[in-house]
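Trainee: Just dropping this structure here.
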There are 2 protein chains.
Amino acid sequence: MPDQTLALDIDSLEGPLGQRVYTALRNKILDMTFEPGMVLRKGALCEHLGVSRSPVAEALGRLSSDGLVDIIPQSATRVSQFSVSELREESFLREAVEVAAVAKVAKERTEEQLTKLTRNLRLQGLLIDDQDYQGFFEADVDFHHMILEFTGYPKVVLAAGQMSLQLRRARMLLLPEPGRPADAMADHHAILNAINVQDPDAARAAMSAHLRQLIKRIIPLERQHPTYFRHV
Amino acid sequence: MPDQTLALDIDSLEGPLGQRVYTALRNKILDMTFEPGMVLRKGALCEHLGVSRSPVAEALGRLSSDGLVDIIPQSATRVSQFSVSELREESFLREAVEVAAVAKVAKERTEEQLTKLTRNLRLQGLLIDDQDYQGFFEADVDFHHMILEFTGYPKVVLAAGQMSLQLRRARMLLLPEPGRPADAMADHHAILNAINVQDPDAARAAMSAHLRQLIKRIIPLERQHPTYFRHV
DNA sequence: AAGCGTAAACTAACATGCCACTTAAAGGAC
DNA sequence: GTCCTTTAAGTGGCATGTTAGTTTACGCTT
């Protein structure tokens with residue numbers, strides 16, 4: 001397939017060029033369109049996007065500090081591969097932050113926040129009934145996002161997203177398993193219940209147990225997609 | 001004082017120019033040599049450092065994504081000011097990560113790790129006896145750093161440092177208080193004791209209580225240094 | 001004297017040229 | 001056929017020219 005253009009990076013975004021290039025590349029990497037290990041040729045990117053090397057270099061630099069790209073000094077730059085240890089670390093960090101967040105939300109939750117979470121959980125049930133697993137996935141993401149938001153700490157939301165980028169990317173490789181959405185929803189129910197009765201410790205425990213399911217399912221991916229992983 | 005050269009940024013560092021400029025500026029900002037609100041003139045920096053605009057622009061870009069400088073789009077770039085809400089958020093994040101870290105360490109600590117922490121705590125006592133508060137400050141930082149390291153998660157150490165940069169900077173404004181080092185050491189003793197007896201919950205509680213002291217002391221700084229704070 | 005409009009000075013952002021270094025493949029020697 | 005050498009392509013890093021936008025300050029008008 002000599003057509004390596006792999007879908008067009010559109011400049012329908014807004015902001016400075018460097019920002020737009022960064023966002024476009026980031027999205028492609030996070031949704032696994034750009035596969036781990038793929039070489040990013042700077043010249044080709046410049047030509048394909050119709051911009052000069054400056055914004056591309058800036059974007060690649062930021063992606064590098066995000067850990068999404070490995071820059072080999074005078075040689076090449078490629079989409080970073082997964083490493084099990086790195087995914088474990090991100091899982092640890094994500095759990096630390098989300099557990100602390102849910103505890104705070106459980107303590108201070110308002111009725112409105114409770115209503116929104118309850119509504120989301122009911123939606124999850126409907127989507128499972130309809131077997132709309134893509135929709136459930138999005139509702140799942142929303143559920144966690146709402147809890148982070150309800151801390152009232154906008155920077156916490158950003159930090160949580162930033163510190164688990166590899167995890168987010170690896171999650172795209174997970175295949176749908178039969179009973180999984182229902183199990184996840186049961187976890188969510190336990191979390192919401194703890195928030196409802198304002199029991200921070202129960203919320204912590206429920207969130208912790210829930211998040212540990214993800215890394216357990218991600219670890220075996222190394223055997224299924226060996227080329228996506230770095231075997232150090 | 002027209003001598004705005006404010007101490008020379010030395011190129012005694014190693015690595016690429018951009019990295020050196022970044023590190024030099026970062027250090028100056030973190031140790032409060034460059035005060036919050038100060039305008040960073042790119043041209044002056046280039047001339048003073050004897051480098052071109054490229055590495056300086058790269059360094060400022062990285063500092064901007066670190067939140068240490070504010071770049072006003074086609075106008076100027078200045079050292080970022082503190083904001084109480086931002087400091088609260090960083091304190092929350094730091095507590096989330098360090099509490100999770102100390103719980104893990106308490107569960108899995110080795111004898112060697114215990115020995116190193118114990119040795120550090122004894123050093124803290126000696127430094128307090130000698131009234132070497134600068135030395136105590138460094139031992140304090142080491143103590144927390146060691147706990148993060150002992151998780152075995154190198155990325156956690158980096159993330160913890162990266163997410164509390166403003167906190168680290170604001171801490172420089174704190175004036176030495178008479179009984180404070182002794183109190184801090186008592187907290188450290190409680191933390192170490194929980195690690196010793198491998199009680200994760202006690203370690204969590206002790207670390208949490210300890211870290212909440214810092215933000216309590218930082219909040220009042222807004223009244224003492226109003227020009228350093230952003231009053232949104 | 002006060003208010004307004006204009007122009008000059010500064011900036012960030014982007015484009016481009018250059019160089020030193022790494023890498024890999026092509027070609028020659030054995 | 002194998003090994004070594006060399007050469008060409010690609011890259012990161014730095015310098016510099018150009019452009020567009022913002023701010024400031026000066027001077028003109030009223």
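Chain identifiers are assigned as A, B, and so on, following the order in which chains appear in the structure tokens; residues are numbered from 1 within each chain, and ligands are numbered from 1 in order of appearance.
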Let's see if you can do this: from backbone DSSP, list all alpha helix (DSSP H) residues in segment 92-210 of chain B, as a VMD selection string.

Mentor: chain B and resid 92 to 108 111 to 129 133 to 149 154 to 162 165 to 170 180 to 196 200 to 210

Trainee: Counting only C-alpha atoms (C1' of nucleotides), which residues of chain A sit at most 8 Å from some atom of chain D, and what is each one's closest atom pair with its distance in Å to one decimal, listed by chain and rising residue number, as a Markdown table?

Mentor:
| residue | atom | partner | partner_atom | distance |
| --- | --- | --- | --- | --- |
| A:Pro73 | CA | D:DG12 | C1' | 6.1 |
| A:Gln74 | CA | D:DT11 | C1' | 4.9 |
| A:Ser75 | CA | D:DT11 | C1' | 5.0 |
| A:Ala76 | CA | D:DT11 | C1' | 6.1 |

Trainee: For chain A, list the residues within 9 Å of chain C, counting only C-alpha atoms (C1' of nucleotides), and write the list as a ChimeraX atom specification.

Mentor: /A:16-18,51-55,73-75

Trainee: Those selected residues, please, written with C-alpha atoms and delivered as a CSV table (one decimal), in the first residue's frame.

Mentor:
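In the end it all went to again.csv:
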chain,number,residue,atom,x,y,z
A,16,PRO,CA,-1.3,28.4,16.2
A,17,LEU,CA,0.1,26.0,13.6
A,18,GLY,CA,2.3,24.2,16.1
A,51,VAL,CA,3.8,23.6,6.7
A,52,SER,CA,7.5,24.2,7.4
A,53,ARG,CA,9.6,22.2,9.8
A,54,SER,CA,9.3,24.6,12.7
A,55,PRO,CA,5.7,23.8,13.8
A,73,PRO,CA,18.9,11.9,18.4
A,74,GLN,CA,20.4,12.2,14.9
A,75,SER,CA,18.5,9.4,13.3

Trainee: Show me, as a tab-separated table, the residues of chain A having an atom within 9 Å of chain B, each with the closest atom pair and its distance in Å, using only C-alpha atoms.

Mentor:
residue	atom	partner	partner_atom	distance
A:Glu58	CA	B:Glu58	CA	7.7
A:Gly61	CA	B:Glu58	CA	9.0
A:Arg62	CA	B:Arg62	CA	8.0
A:Ser85	CA	B:Tyr153	CA	8.2
A:Glu86	CA	B:Lys155	CA	7.6
A:Arg88	CA	B:Tyr153	CA	8.6
A:Glu89	CA	B:Tyr153	CA	6.0
A:Glu90	CA	B:Val156	CA	8.0
A:Phe92	CA	B:Ala100	CA	8.2
A:Leu93	CA	B:Val97	CA	6.6
A:Glu95	CA	B:Ala100	CA	8.5
A:Ala96	CA	B:Ala96	CA	5.5
A:Val97	CA	B:Ala96	CA	5.5
A:Glu98	CA	B:Ala96	CA	8.6
A:Val99	CA	B:Ala96	CA	7.9
A:Ala100	CA	B:Ala96	CA	5.6
A:Ala101	CA	B:Ala96	CA	8.4
A:Tyr153	CA	B:Glu89	CA	6.0
A:Pro154	CA	B:Glu89	CA	8.2
A:Lys155	CA	B:Glu89	CA	6.6
A:Val156	CA	B:Glu89	CA	6.6
A:Ala159	CA	B:Met163	CA	7.6
A:Met163	CA	B:Ala159	CA	7.6

Trainee: Write out as a ChimeraX atom specification each polymer residue whose atoms come within 6 Å of segment 195-199 of chain B, counting only C-alpha atoms (C1' of nucleotides); drop sequence neighbours fewer than 2 positions from it.

Mentor: /B:106-107,192-193,201-202

Trainee: Could you please write out, as a PyMOL selection string, every residue of segment 33-223 of chain B that DSSP assigns to strand (DSSP E or B)?

Mentor: chain B and resi 39+69-72+76-79+82

Trainee: When you look at His144 of chain B with a cut-off of 10 Å (counting only C-alpha atoms (C1' of nucleotides)), what residues show up, excluding the ones that are within fewer than 6 positions of it in the same chain? I need them as a PyMOL selection string.

Mentor: chain B and resi 98+101-102+117+157+188+207
